[in-house]
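Containing TSV, C-alpha atoms: protein.tsv.
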chain	number	residue	atom	x	y	z
A	1203	MET	CA	0.00	0.00	0.00
A	1204	MET	CA	1.36	3.39	-1.01
A	1205	GLU	CA	1.57	6.27	1.46
A	1206	ILE	CA	1.31	9.95	0.62
A	1207	ASN	CA	4.88	10.82	-0.25
A	1208	GLU	CA	5.97	13.80	-2.31
A	1209	LYS	CA	8.87	11.94	-3.89
A	1210	ILE	CA	6.58	9.07	-4.99
A	1211	ILE	CA	3.96	11.46	-6.42
A	1212	ARG	CA	6.56	13.43	-8.36
A	1213	HIS	CA	8.02	10.18	-9.68
A	1214	ILE	CA	4.73	8.81	-11.03
A	1215	VAL	CA	3.71	12.20	-12.47
A	1216	ASP	CA	7.07	12.39	-14.26
A	1217	ASN	CA	6.51	8.87	-15.59
A	1218	PHE	CA	3.12	9.90	-16.95
A	1219	TYR	CA	4.69	12.86	-18.72
A	1220	LYS	CA	7.30	10.54	-20.23
A	1221	ASP	CA	4.53	8.20	-21.43
A	1222	LEU	CA	2.79	11.13	-23.12
A	1223	ASN	CA	6.03	12.28	-24.70
A	1224	SER	CA	6.77	8.83	-26.12
A	1225	TYR	CA	3.89	8.98	-28.62
A	1226	SER	CA	3.64	11.07	-31.76
A	1227	ASN	CA	-0.08	11.52	-31.00
A	1228	VAL	CA	-1.23	9.99	-27.74
A	1229	MET	CA	-4.92	10.49	-28.49
A	1230	TYR	CA	-5.02	7.57	-30.87
A	1231	ILE	CA	-4.28	5.06	-28.12
A	1232	ASN	CA	-7.37	6.07	-26.12
A	1233	ASP	CA	-10.13	3.48	-26.09
A	1234	LYS	CA	-12.33	4.71	-28.96
A	1235	GLY	CA	-9.79	7.54	-29.38
A	1236	GLU	CA	-9.77	7.71	-33.16
A	1237	GLU	CA	-13.56	7.74	-33.30
A	1238	MET	CA	-13.77	10.50	-30.70
A	1239	LEU	CA	-11.23	12.66	-32.54
A	1240	LYS	CA	-13.90	13.29	-35.15
A	1241	GLY	CA	-15.27	15.73	-32.56
A	1242	TYR	CA	-13.45	18.19	-30.32
A	1243	TYR	CA	-14.16	16.55	-26.98
A	1244	PHE	CA	-12.80	18.12	-23.80
A	1245	ASP	CA	-11.32	14.76	-22.77
A	1246	ASN	CA	-9.17	14.76	-25.93
A	1247	TYR	CA	-6.63	17.48	-26.80
A	1248	PRO	CA	-7.93	20.10	-24.32
A	1249	SER	CA	-7.28	17.78	-21.37
A	1250	ILE	CA	-3.75	16.98	-22.55
A	1251	LEU	CA	-3.00	20.67	-22.98
A	1252	ILE	CA	-4.26	21.54	-19.50
A	1253	PHE	CA	-2.19	18.77	-17.89
A	1254	LEU	CA	0.96	19.80	-19.77
A	1255	SER	CA	0.46	23.45	-18.79
A	1256	TYR	CA	0.22	22.53	-15.12
A	1257	TYR	CA	3.18	20.19	-15.51
A	1258	ASN	CA	5.25	23.23	-16.44
A	1259	LEU	CA	4.06	24.92	-13.25
A	1260	PHE	CA	4.60	21.75	-11.20
A	1261	THR	CA	8.20	21.42	-12.37
A	1262	ASN	CA	8.87	25.19	-12.33
A	1263	SER	CA	10.12	24.86	-15.87
A	1264	GLN	CA	9.14	24.98	-19.52
A	1265	ILE	CA	9.91	21.31	-20.09
A	1266	ALA	CA	6.47	20.55	-21.54
A	1267	THR	CA	6.36	23.57	-23.87
A	1268	PRO	CA	7.45	21.69	-27.05
A	1269	LEU	CA	4.77	19.07	-26.36
A	1270	ILE	CA	2.19	21.80	-25.71
A	1271	LYS	CA	2.97	23.37	-29.07
A	1272	LYS	CA	2.67	20.00	-30.81
A	1273	TYR	CA	-0.76	19.31	-29.31
A	1274	LEU	CA	-1.86	22.86	-30.05
A	1275	ASN	CA	-1.22	22.09	-33.72
A	1276	TYR	CA	-3.20	18.86	-33.42
A	1277	LEU	CA	-6.08	20.73	-31.80
A	1278	VAL	CA	-6.13	23.41	-34.50
A	1279	SER	CA	-6.08	20.72	-37.18
A	1280	SER	CA	-8.99	18.96	-35.47
A	1281	LEU	CA	-10.99	22.19	-35.23
A	1282	LYS	CA	-10.58	22.85	-38.94
A	1283	LYS	CA	-12.21	19.51	-39.71
A	1284	GLN	CA	-15.38	20.25	-37.73
A	1285	LYS	CA	-18.50	20.72	-39.80
A	1286	ARG	CA	-20.49	22.44	-37.06
A	1287	VAL	CA	-19.81	24.41	-33.91
A	1288	ILE	CA	-21.05	23.15	-30.54
A	1289	LEU	CA	-20.83	25.37	-27.45
A	1290	SER	CA	-20.68	22.46	-25.00
A	1291	PHE	CA	-18.05	22.30	-22.26
A	1292	ALA	CA	-17.51	18.55	-22.60
A	1293	TYR	CA	-18.08	18.17	-26.33
A	1294	GLY	CA	-17.42	21.53	-27.94
A	1295	LEU	CA	-15.83	24.94	-28.19
A	1296	THR	CA	-16.23	25.95	-24.53
A	1297	GLY	CA	-13.85	23.24	-23.35
A	1298	VAL	CA	-11.41	24.16	-26.12
A	1299	LEU	CA	-11.39	27.85	-25.19
A	1300	LEU	CA	-10.93	27.09	-21.49
A	1301	ALA	CA	-7.97	24.85	-22.31
A	1302	LEU	CA	-6.35	27.49	-24.50
A	1303	LYS	CA	-6.76	30.09	-21.76
A	1304	VAL	CA	-4.99	27.72	-19.35
A	1305	VAL	CA	-2.17	27.22	-21.88
A	1306	ASN	CA	-1.74	31.02	-22.00
A	1307	LYS	CA	-1.94	31.68	-18.28
A	1308	ILE	CA	-0.45	28.58	-16.67
A	1309	GLY	CA	1.58	26.98	-19.46
A	1310	LYS	CA	3.11	30.36	-20.37
A	1311	VAL	CA	2.73	29.62	-24.07
A	1312	ASN	CA	1.56	32.79	-25.77
A	1313	ILE	CA	-1.44	32.39	-28.08
A	1314	ASN	CA	-3.42	35.27	-29.54
A	1315	LEU	CA	-6.98	34.32	-28.62
A	1316	THR	CA	-8.66	37.66	-29.37
A	1317	GLU	CA	-10.39	36.49	-32.54
A	1318	LEU	CA	-11.48	33.19	-31.00
A	1319	GLN	CA	-12.77	34.98	-27.90
A	1320	ASN	CA	-14.78	37.43	-30.02
A	1321	ASN	CA	-16.21	34.64	-32.15
A	1322	TYR	CA	-17.09	32.68	-29.02
A	1323	GLU	CA	-18.94	35.63	-27.54
A	1324	ASP	CA	-20.87	36.07	-30.79
A	1325	LEU	CA	-21.90	32.41	-30.63
A	1326	VAL	CA	-22.98	32.80	-27.01
A	1327	ARG	CA	-25.22	35.70	-28.08
A	1328	LEU	CA	-26.82	33.45	-30.69
A	1329	ARG	CA	-27.34	30.75	-28.07
A	1330	LEU	CA	-29.05	33.28	-25.82
A	1331	GLU	CA	-31.51	34.14	-28.60
A	1332	ILE	CA	-32.36	30.45	-28.99
A	1333	ILE	CA	-32.71	29.99	-25.23
A	1334	ASN	CA	-34.98	33.03	-24.99
A	1335	ARG	CA	-37.32	31.54	-27.59
A	1336	LYS	CA	-37.35	28.21	-25.78
A	1337	ILE	CA	-38.11	29.85	-22.42
A	1338	LYS	CA	-41.09	31.65	-23.96
A	1339	LYS	CA	-42.34	28.39	-25.51
A	1340	GLY	CA	-41.71	26.39	-22.33
A	1341	THR	CA	-39.42	23.96	-24.19
A	1342	ILE	CA	-36.18	24.57	-22.27
A	1343	LYS	CA	-34.09	21.42	-21.63
A	1344	SER	CA	-31.03	20.58	-19.55
A	1345	LEU	CA	-28.86	20.68	-22.68
A	1346	ASP	CA	-29.64	24.40	-22.88
A	1347	TYR	CA	-28.63	25.38	-19.35
A	1348	ASP	CA	-26.56	22.65	-17.66
A	1349	PHE	CA	-22.81	22.68	-17.04
A	1350	ILE	CA	-21.71	19.83	-19.29
A	1351	ASN	CA	-23.51	21.09	-22.39
A	1352	GLY	CA	-25.29	24.34	-21.68
A	1353	LEU	CA	-25.27	27.99	-20.69
A	1354	SER	CA	-23.81	27.41	-17.22
A	1355	ALA	CA	-20.40	26.59	-18.69
A	1356	ASN	CA	-20.63	29.49	-21.16
A	1357	LEU	CA	-21.20	31.88	-18.28
A	1358	LEU	CA	-18.35	30.36	-16.24
A	1359	THR	CA	-15.99	30.85	-19.19
A	1360	LEU	CA	-16.99	34.53	-19.46
A	1361	LEU	CA	-16.64	35.03	-15.71
A	1362	LEU	CA	-13.13	33.56	-15.73
A	1363	PHE	CA	-11.77	35.25	-18.84
A	1364	SER	CA	-14.00	38.00	-20.26
A	1365	ASN	CA	-14.48	41.69	-19.50
A	1366	ASN	CA	-17.66	41.92	-21.59
A	1367	LYS	CA	-19.91	43.08	-18.78
A	1368	PHE	CA	-23.04	43.37	-20.93
A	1369	LEU	CA	-22.78	39.78	-22.18
A	1370	ILE	CA	-22.03	38.51	-18.67
A	1371	ARG	CA	-25.13	40.29	-17.36
A	1372	LYS	CA	-27.27	38.92	-20.17
A	1373	CYS	CA	-26.05	35.36	-19.52
A	1374	VAL	CA	-26.81	35.78	-15.83
A	1375	ARG	CA	-30.31	37.02	-16.59
A	1376	TYR	CA	-31.09	34.16	-18.97
A	1377	LEU	CA	-29.62	31.51	-16.69
A	1378	CYS	CA	-31.83	32.77	-13.85
A	1379	ASP	CA	-34.79	32.60	-16.25
A	1380	CYS	CA	-33.83	29.02	-17.15
A	1381	LEU	CA	-33.86	28.18	-13.45
A	1382	ASP	CA	-37.35	29.65	-13.06
A	1383	SER	CA	-38.50	27.41	-15.90
A	1384	VAL	CA	-36.83	24.32	-14.38
A	1385	LEU	CA	-38.44	24.93	-10.99
A	1386	THR	CA	-41.91	24.71	-12.51
A	1387	LYS	CA	-41.25	21.01	-13.18
A	1388	THR	CA	-42.14	18.15	-10.84
A	1389	ILE	CA	-38.94	16.16	-11.43
A	1390	ILE	CA	-35.80	18.19	-10.77
A	1391	ASN	CA	-32.22	17.15	-11.51
A	1392	LEU	CA	-30.16	18.07	-8.44
A	1393	GLY	CA	-26.67	17.29	-9.77
A	1394	VAL	CA	-23.74	19.53	-10.62
A	1395	ALA	CA	-23.12	18.13	-14.10
A	1396	HIS	CA	-26.65	18.28	-15.52
A	1397	GLY	CA	-28.86	19.90	-12.90
A	1398	ILE	CA	-29.52	22.88	-10.67
A	1399	GLY	CA	-26.34	22.18	-8.71
A	1400	GLY	CA	-24.32	23.40	-11.69
A	1401	ILE	CA	-26.50	26.50	-12.07
A	1402	MET	CA	-25.99	27.21	-8.36
A	1403	LEU	CA	-22.19	26.94	-8.54
A	1404	VAL	CA	-21.99	29.24	-11.58
A	1405	LEU	CA	-24.37	31.83	-10.13
A	1406	VAL	CA	-22.45	31.98	-6.87
A	1407	GLN	CA	-19.35	32.76	-8.94
A	1408	ALA	CA	-21.34	35.40	-10.81
A	1409	SER	CA	-22.42	36.98	-7.51
A	1410	LYS	CA	-18.75	37.86	-6.88
A	1411	ASN	CA	-18.17	39.36	-10.33
A	1412	GLU	CA	-17.33	43.04	-10.54
A	1413	TYR	CA	-19.41	43.57	-13.69
A	1414	LEU	CA	-22.79	42.82	-12.14
A	1415	ASP	CA	-24.93	45.85	-11.32
A	1416	LYS	CA	-27.39	45.99	-8.41
A	1417	CYS	CA	-30.32	44.69	-10.47
A	1418	HIS	CA	-28.45	41.59	-11.61
A	1419	ARG	CA	-26.99	40.94	-8.16
A	1420	LEU	CA	-30.50	40.92	-6.73
A	1421	LYS	CA	-31.62	38.52	-9.46
A	1422	VAL	CA	-28.73	36.17	-8.68
A	1423	GLU	CA	-29.40	36.39	-4.95
A	1424	ARG	CA	-33.06	35.49	-5.53
A	1425	SER	CA	-32.07	32.46	-7.62
A	1426	LEU	CA	-29.53	31.27	-5.06
A	1427	LYS	CA	-32.15	31.50	-2.33
A	1428	GLN	CA	-34.60	29.52	-4.48
A	1429	ILE	CA	-32.05	26.76	-5.03
A	1430	SER	CA	-30.87	26.58	-1.42
A	1431	GLU	CA	-34.50	26.39	-0.20
A	1432	ILE	CA	-35.05	23.32	-2.38
A	1433	TYR	CA	-31.99	21.54	-0.99
A	1434	ILE	CA	-32.95	22.50	2.58
A	1435	LYS	CA	-36.50	21.21	2.04
A	1436	ILE	CA	-35.09	17.87	0.88
A	1437	TYR	CA	-32.65	17.78	3.81
A	1438	ILE	CA	-35.40	18.42	6.37
A	1439	THR	CA	-37.65	15.75	4.80
A	1440	LYS	CA	-34.81	13.21	4.89
A	1441	LYS	CA	-34.02	14.18	8.47
A	1442	GLU	CA	-37.61	13.44	9.46
A	1443	GLY	CA	-37.18	10.08	7.73
A	1444	LYS	CA	-34.25	9.45	10.08
A	1445	GLN	CA	-31.65	9.25	7.34
A	1446	LYS	CA	-28.02	9.47	8.44
A	1447	LEU	CA	-27.91	12.58	6.24
A	1448	ILE	CA	-24.48	11.94	4.84
A	1449	ASN	CA	-26.14	11.73	1.40
A	1450	PRO	CA	-29.38	13.74	1.47
A	1451	TRP	CA	-29.27	14.78	-2.19
A	1452	GLU	CA	-29.76	12.24	-4.96
A	1453	ASP	CA	-29.71	12.48	-8.78
A	1454	ARG	CA	-33.30	13.51	-9.45
A	1455	ILE	CA	-36.21	14.11	-7.16
A	1456	ASN	CA	-39.96	14.56	-7.30
A	1457	ILE	CA	-40.10	17.87	-5.51
A	1458	LYS	CA	-43.84	17.51	-4.82
A	1459	ASN	CA	-43.49	14.06	-3.29
A	1460	ILE	CA	-40.07	13.70	-1.64
A	1461	ASN	CA	-39.35	10.17	-0.49
A	1462	PRO	CA	-37.79	10.54	2.98
A	1463	ASN	CA	-36.14	7.13	2.71
A	1464	SER	CA	-34.58	7.34	-0.77
A	1465	LEU	CA	-30.82	7.25	-0.66
A	1466	LYS	CA	-28.00	8.16	-3.03
A	1467	ARG	CA	-24.73	6.82	-1.74
A	1468	ARG	CA	-22.07	7.55	-4.36
A	1469	GLN	CA	-20.05	10.57	-3.25
A	1470	SER	CA	-19.15	11.88	-6.70
A	1471	TRP	CA	-18.60	15.36	-8.10
A	1472	CYS	CA	-21.15	15.05	-10.88
A	1473	TYR	CA	-24.19	13.62	-9.09
A	1474	GLY	CA	-23.31	13.21	-5.44
A	1475	THR	CA	-23.87	15.14	-2.25
A	1476	PRO	CA	-20.27	16.54	-2.01
A	1477	GLY	CA	-20.45	18.63	-5.20
A	1478	ILE	CA	-23.85	20.01	-4.18
A	1479	ALA	CA	-22.70	20.59	-0.60
A	1480	TYR	CA	-19.64	22.50	-1.80
A	1481	GLY	CA	-21.90	24.80	-3.80
A	1482	LEU	CA	-24.26	25.30	-0.89
A	1483	LEU	CA	-21.34	26.21	1.34
A	1484	GLU	CA	-20.39	28.94	-1.13
A	1485	VAL	CA	-24.01	30.12	-1.23
A	1486	ALA	CA	-24.14	30.23	2.57
A	1487	LYS	CA	-21.05	32.45	2.66
A	1488	GLN	CA	-22.39	34.75	-0.05
A	1489	LEU	CA	-25.84	35.12	1.54
A	1490	ASN	CA	-24.53	35.08	5.11
A	1491	ASP	CA	-26.85	32.14	5.82
A	1492	THR	CA	-25.56	30.60	9.05
A	1493	TYR	CA	-28.30	27.94	9.15
A	1494	LEU	CA	-27.35	26.63	5.71
A	1495	GLU	CA	-23.66	26.78	6.55
A	1496	LYS	CA	-24.26	24.69	9.67
A	1497	ILE	CA	-26.19	22.04	7.71
A	1498	VAL	CA	-23.49	21.71	5.07
A	1499	SER	CA	-20.61	21.78	7.56
A	1500	ASN	CA	-22.24	18.93	9.48
A	1501	ILE	CA	-22.59	16.89	6.28
A	1502	PHE	CA	-18.92	17.30	5.42
A	1503	ASN	CA	-17.90	16.46	8.98
A	1504	LYS	CA	-19.98	13.27	8.75
A	1505	ILE	CA	-18.41	12.41	5.40
A	1506	ASN	CA	-15.07	12.55	7.20
A	1507	THR	CA	-16.13	9.60	9.38
A	1508	ILE	CA	-17.29	7.15	6.70
A	1509	ASP	CA	-15.36	4.16	5.38
A	1510	LEU	CA	-14.06	4.41	1.83
A	1511	ILE	CA	-16.29	1.56	0.73
A	1512	ASP	CA	-19.31	3.65	1.71
A	1513	THR	CA	-18.35	6.39	-0.77
A	1514	GLU	CA	-19.13	3.85	-3.53
A	1515	LEU	CA	-16.32	5.36	-5.61
A	1516	GLU	CA	-14.67	2.57	-7.58
A	1517	THR	CA	-13.01	4.52	-10.37
A	1518	PRO	CA	-10.02	6.80	-9.70
A	1519	THR	CA	-11.24	9.47	-12.16
A	1520	PHE	CA	-12.70	12.93	-11.54
A	1521	CYS	CA	-16.30	12.95	-12.77
A	1522	HIS	CA	-17.59	9.77	-11.11
A	1523	GLY	CA	-14.72	8.86	-8.85
A	1524	ILE	CA	-12.07	9.37	-6.21
A	1525	SER	CA	-10.28	12.34	-7.81
A	1526	GLY	CA	-13.50	14.37	-7.87
A	1527	LEU	CA	-14.27	13.92	-4.17
A	1528	LEU	CA	-10.62	14.47	-3.24
A	1529	SER	CA	-10.54	17.73	-5.23
A	1530	ILE	CA	-13.70	18.98	-3.51
A	1531	LEU	CA	-12.20	18.26	-0.09
A	1532	LEU	CA	-8.88	19.91	-0.99
A	1533	ASN	CA	-10.83	23.09	-1.80
A	1534	LEU	CA	-12.21	23.15	1.77
A	1535	LYS	CA	-8.75	23.87	3.16
A	1536	ASP	CA	-9.61	27.34	4.51
A	1537	ASN	CA	-12.81	26.37	6.35
A	1538	ASN	CA	-12.14	25.97	10.07
A	1539	ARG	CA	-15.65	24.60	10.78
A	1540	ILE	CA	-15.04	21.53	8.66
A	1541	ASN	CA	-12.62	18.70	9.35
A	1542	VAL	CA	-12.16	16.31	6.44
A	1543	ASN	CA	-8.52	15.41	7.09
A	1544	LEU	CA	-9.19	11.71	7.68
A	1545	ILE	CA	-11.28	11.01	4.58
A	1546	LYS	CA	-8.98	13.25	2.53
A	1547	ARG	CA	-5.94	11.22	3.56
A	1548	ASN	CA	-7.74	7.93	2.95
A	1549	LEU	CA	-8.87	9.04	-0.50
A	1550	ALA	CA	-5.35	10.16	-1.41
A	1551	ILE	CA	-3.92	6.79	-0.38
A	1552	GLU	CA	-6.68	4.97	-2.27
A	1553	LEU	CA	-5.97	7.03	-5.39
A	1554	LEU	CA	-2.29	6.14	-5.15
A	1555	ASN	CA	-3.23	2.50	-4.70
A	1556	LYS	CA	-5.28	2.65	-7.92
A	1557	TYR	CA	-2.11	3.61	-9.78
A	1558	ASP	CA	-0.58	0.62	-11.54
A	1559	SER	CA	3.08	1.14	-12.41
A	1560	SER	CA	3.07	-1.93	-14.65
A	1561	ARG	CA	0.54	-0.34	-17.01
A	1562	GLU	CA	1.25	2.53	-19.35
A	1563	PHE	CA	-0.32	5.79	-18.14
A	1564	GLY	CA	-0.97	4.23	-14.71
A	1565	PHE	CA	-4.71	4.80	-14.29
A	1566	ARG	CA	-7.82	3.33	-15.91
A	1567	ASP	CA	-11.41	4.52	-15.74
A	1568	TYR	CA	-13.79	1.86	-14.37
A	1569	ASP	CA	-17.48	2.36	-15.03
A	1570	PHE	CA	-20.60	1.37	-16.98
A	1571	VAL	CA	-20.17	4.35	-19.31
A	1572	SER	CA	-17.29	5.55	-21.46
A	1573	ARG	CA	-17.51	8.55	-23.77
A	1574	GLY	CA	-21.25	8.44	-24.14
A	1575	LYS	CA	-21.60	4.68	-24.60
A	1576	LYS	CA	-23.22	2.50	-21.92
A	1577	TYR	CA	-22.18	-1.09	-21.22
A	1578	GLU	CA	-23.98	-3.90	-19.45
A	1579	ASN	CA	-21.21	-4.39	-16.88
A	1580	LYS	CA	-18.50	-2.16	-15.50
A	1581	LYS	CA	-15.31	-2.21	-17.56
A	1582	GLU	CA	-11.85	-0.67	-17.54
A	1583	PHE	CA	-11.15	2.02	-20.13
A	1584	LEU	CA	-7.94	3.70	-21.14
A	1585	ASP	CA	-8.83	7.39	-21.22
A	1586	LEU	CA	-6.50	10.36	-20.86
A	1587	GLY	CA	-9.10	13.05	-20.16
A	1588	LEU	CA	-9.63	15.27	-17.13
A	1589	LEU	CA	-13.25	14.23	-16.62
A	1590	ASN	CA	-13.00	10.49	-17.14
A	1591	GLY	CA	-9.34	9.69	-17.45
A	1592	ALA	CA	-5.76	9.76	-16.25
A	1593	THR	CA	-4.96	13.48	-16.48
A	1594	GLY	CA	-7.62	14.28	-13.87
A	1595	CYS	CA	-6.09	11.67	-11.54
A	1596	PHE	CA	-2.58	13.06	-11.90
A	1597	LEU	CA	-3.67	16.68	-11.44
A	1598	SER	CA	-5.45	15.66	-8.23
A	1599	LEU	CA	-2.26	14.01	-6.97
A	1600	MET	CA	-0.20	17.05	-7.96
A	1601	SER	CA	-2.63	19.26	-6.01
A	1602	LEU	CA	-1.90	17.23	-2.87
A	1603	ILE	CA	1.70	18.40	-2.72
A	1604	ASP	CA	1.56	21.72	-4.59
A	1605	GLU	CA	-1.31	24.05	-3.70
A	1606	ARG	CA	-0.78	26.10	-6.86
A	1607	ILE	CA	-1.99	23.19	-8.97
A	1608	LEU	CA	-5.42	23.20	-7.30
A	1609	SER	CA	-6.49	26.15	-9.48
A	1610	TRP	CA	-7.17	23.62	-12.28
A	1611	THR	CA	-10.43	22.75	-10.47
A	1612	LYS	CA	-11.85	26.22	-11.18
A	1613	ILE	CA	-12.99	24.97	-14.57
A	1614	PHE	CA	-15.07	22.39	-12.70
A	1615	LEU	CA	-16.78	25.06	-10.57
A	1616	LEU	CA	-14.61	24.52	-7.47

Re-express the file's structure as structure tokens.
Amino acid sequence: MMEINEKIIRHIVDNFYKDLNSYSNVMYINDKGEEMLKGYYFDNYPSILIFLSYYNLFTNSQIATPLIKKYLNYLVSSLKKQKRVILSFAYGLTGVLLALKVVNKIGKVNINLTELQNNYEDLVRLRLEIINRKIKKGTIKSLDYDFINGLSANLLTLLLFSNNKFLIRKCVRYLCDCLDSVLTKTIINLGVAHGIGGIMLVLVQASKNEYLDKCHRLKVERSLKQISEIYIKIYITKKEGKQKLINPWEDRINIKNINPNSLKRRQSWCYGTPGIAYGLLEVAKQLNDTYLEKIVSNIFNKINTIDLIDTELETPTFCHGISGLLSILLNLKDNNRINVNLIKRNLAIELLNKYDSSREFGFRDYDFVSRGKKYENKKEFLDLGLLNGATGCFLSLMSLIDERILSWTKIFLL
């Protein structure tokens, strides 16, 4: 069993970099890699570029710069082959732009992104027109507003890298309107990846943005209160049902008929309680809601006491697995009301134990789903992406021993 040791972590991260550097184009060895390269998926070239940029920071060098430039060329070539533009984070231009911004800022490889940024903002305006029509018709869907595919990720990208205050305000306004439409439904998706959890995490970031005027701040505050009230209502109902309340928030819920005994156990970023709880903690701070802060702090403190097997996290990867929960807990470092040191250490050791030095690239995803395809039984997949693959695992390990690396999680709303 591996222990948390800086020398060991640096060694296996260096080995991963060497594995990447040994291929002319590492994407083609991904399971289904060649097929996926027909699109510009975030877990393809963008993930590689983000890892390499942070590897430069991790090593305090420019060692990865030649490889960054090579994969930039591959990415540009891939973009030129696309027949249509998608604004998705996971499957489109949003993930690409975020990666290129990281290459500029963290990788220290200068790219002129002015034209791409302007074109992106034009496309976001077009998306807003489509969303507005759908809101009026009552046909809004999660693909329009969620984080993985929708407006939530577009707004996050603008908040991180744009000074276009009018577009930021318009995105905020429309995302709040999307939320109003969602909350008229009986079945509500609670998750970060595809539900109101993602809207919440983006809006709490927006509430801190200097470009919001009083009117838009009030609109955001109203939406955050609406969302937090839903989660509190579910929490109270589960409490009356005598749940342990380590996992009060499941994937989807019938808000008009909450089952006090339903239970979601997997502690993942995308659909689990920790990602939602992290967002609620940020909301509590922003709204000065001490009651909400107490609820969420208690949940995290209880998570600290559970056995690893009870997290139901079998894959080492970020979206559905160990790296995601570990990254959430690492971002709680400045909260003195929450103690997650035990579970954080156990997760780090478990992540290291998932590393297999006898296999190239070290980590494998293990799940029912890989890159949009579902399988009857869980399988291992070679994937190099941040969401579902090895780069997310290595960045999580790097964050354990170098706090500067943790900023990579900002693109996942942390």

Requested in this report: For A:Ile1505, please output as a PyMOL selection string all residues within 10 Å (counting all atoms listed in the file; exclusion window: fewer than 3 positions along the same chain).
Outcome: chain A and resi 1447-1449+1469+1475-1476+1499-1502+1508-1510+1512-1513+1541-1542+1544-1546

Requested in this report: Give me the residues within 12 Å of A:Leu1259 as a list of chain:residue names, counting all atoms listed in the file and dropping any in the same chain fewer than 3 places off.
Outcome: A:Ile1252, A:Phe1253, A:Leu1254, A:Ser1255, A:Tyr1256, A:Asn1262, A:Ser1263, A:Gln1264, A:Ile1265, A:Ala1266, A:Thr1267, A:Val1304, A:Val1305, A:Lys1307, A:Ile1308, A:Gly1309, A:Lys1310, A:Val1311, A:Leu1597, A:Met1600, A:Ser1601, A:Asp1604, A:Glu1605, A:Arg1606, A:Ile1607, A:Leu1608, A:Ser1609, A:Trp1610

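Atom CA of A:Arg1566 to atom CA of A:Leu1549 spans 16.5 Å [interatomic distance, one decimal].
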
**Report entry** Length of the atom CA of A:Gly1294 to atom CA of A:Leu1353 vector [Å]
**Finding:**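 Computed distance, atom CA of A:Gly1294 to atom CA of A:Leu1353, equals 12.5 Å.
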
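In this model, the gap between atom CA of A:Ile1497 and atom CA of A:Val1485 comes to 12.2 Å.
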
Report summary line: Across A:Val1404, A:Leu1482, A:Leu1584, A:Ala1395, the smallest distance to A:Tyr1230, with all atoms listed in the file counted, is shown by A:Leu1584

Give me the stretch 1342-1369 of chain A side of the contact with stretch 1319-1336 of chain A, cut-off 8 Å, one line per residue showing its nearest atom pair and distance in Å at one decimal, counting all atoms listed in the file, sorted by chain and residue number, as CSV.
residue,atom,partner,partner_atom,distance
A:Ile1342,CA,A:Lys1336,CA,5.2
A:Asp1346,CA,A:Ile1333,CA,6.8
A:Asn1356,CA,A:Val1326,CA,7.1
A:Leu1369,CA,A:Arg1327,CA,7.6

Query - Shell around stretch 1373-1388 of chain A at 10 Å using all atoms listed in the file, local window under 5 positions removed, as a ChimeraX atom specification - result: /A:1326-1327,1329-1331,1333-1334,1336-1338,1340-1344,1346-1348,1352-1354,1356-1358,1360,1367-1368,1397-1398,1401-1402,1404-1405,1408-1409,1414,1417-1419,1421-1426,1428-1429,1432,1455-1459

Resulting file, chosen residues, C-alpha atoms, as a compact mmCIF listing (two decimals), in the coordinates of the input:
# COMPACT_ATOMS: atom_id res chain seq x y z
CA VAL A 1326 -22.98 32.80 -27.01
CA ARG A 1327 -25.22 35.70 -28.08
CA ARG A 1329 -27.34 30.75 -28.07
CA LEU A 1330 -29.05 33.28 -25.82
CA GLU A 1331 -31.51 34.14 -28.60
CA ILE A 1333 -32.71 29.99 -25.23
CA ASN A 1334 -34.98 33.03 -24.99
CA LYS A 1336 -37.35 28.21 -25.78
CA ILE A 1337 -38.11 29.85 -22.42
CA LYS A 1338 -41.09 31.65 -23.96
CA GLY A 1340 -41.71 26.39 -22.33
CA THR A 1341 -39.42 23.96 -24.19
CA ILE A 1342 -36.18 24.57 -22.27
CA LYS A 1343 -34.09 21.42 -21.63
CA SER A 1344 -31.03 20.58 -19.55
CA ASP A 1346 -29.64 24.40 -22.88
CA TYR A 1347 -28.63 25.38 -19.35
CA ASP A 1348 -26.56 22.65 -17.66
CA GLY A 1352 -25.29 24.34 -21.68
CA LEU A 1353 -25.27 27.99 -20.69
CA SER A 1354 -23.81 27.41 -17.22
CA ASN A 1356 -20.63 29.49 -21.16
CA LEU A 1357 -21.20 31.88 -18.28
CA LEU A 1358 -18.35 30.36 -16.24
CA LEU A 1360 -16.99 34.53 -19.46
CA LYS A 1367 -19.91 43.08 -18.78
CA PHE A 1368 -23.04 43.37 -20.93
CA GLY A 1397 -28.86 19.90 -12.90
CA ILE A 1398 -29.52 22.88 -10.67
CA ILE A 1401 -26.50 26.50 -12.07
CA MET A 1402 -25.99 27.21 -8.36
CA VAL A 1404 -21.99 29.24 -11.58
CA LEU A 1405 -24.37 31.83 -10.13
CA ALA A 1408 -21.34 35.40 -10.81
CA SER A 1409 -22.42 36.98 -7.51
CA LEU A 1414 -22.79 42.82 -12.14
CA CYS A 1417 -30.32 44.69 -10.47
CA HIS A 1418 -28.45 41.59 -11.61
CA ARG A 1419 -26.99 40.94 -8.16
CA LYS A 1421 -31.62 38.52 -9.46
CA VAL A 1422 -28.73 36.17 -8.68
CA GLU A 1423 -29.40 36.39 -4.95
CA ARG A 1424 -33.06 35.49 -5.53
CA SER A 1425 -32.07 32.46 -7.62
CA LEU A 1426 -29.53 31.27 -5.06
CA GLN A 1428 -34.60 29.52 -4.48
CA ILE A 1429 -32.05 26.76 -5.03
CA ILE A 1432 -35.05 23.32 -2.38
CA ILE A 1455 -36.21 14.11 -7.16
CA ASN A 1456 -39.96 14.56 -7.30
CA ILE A 1457 -40.10 17.87 -5.51
CA LYS A 1458 -43.84 17.51 -4.82
CA ASN A 1459 -43.49 14.06 -3.29
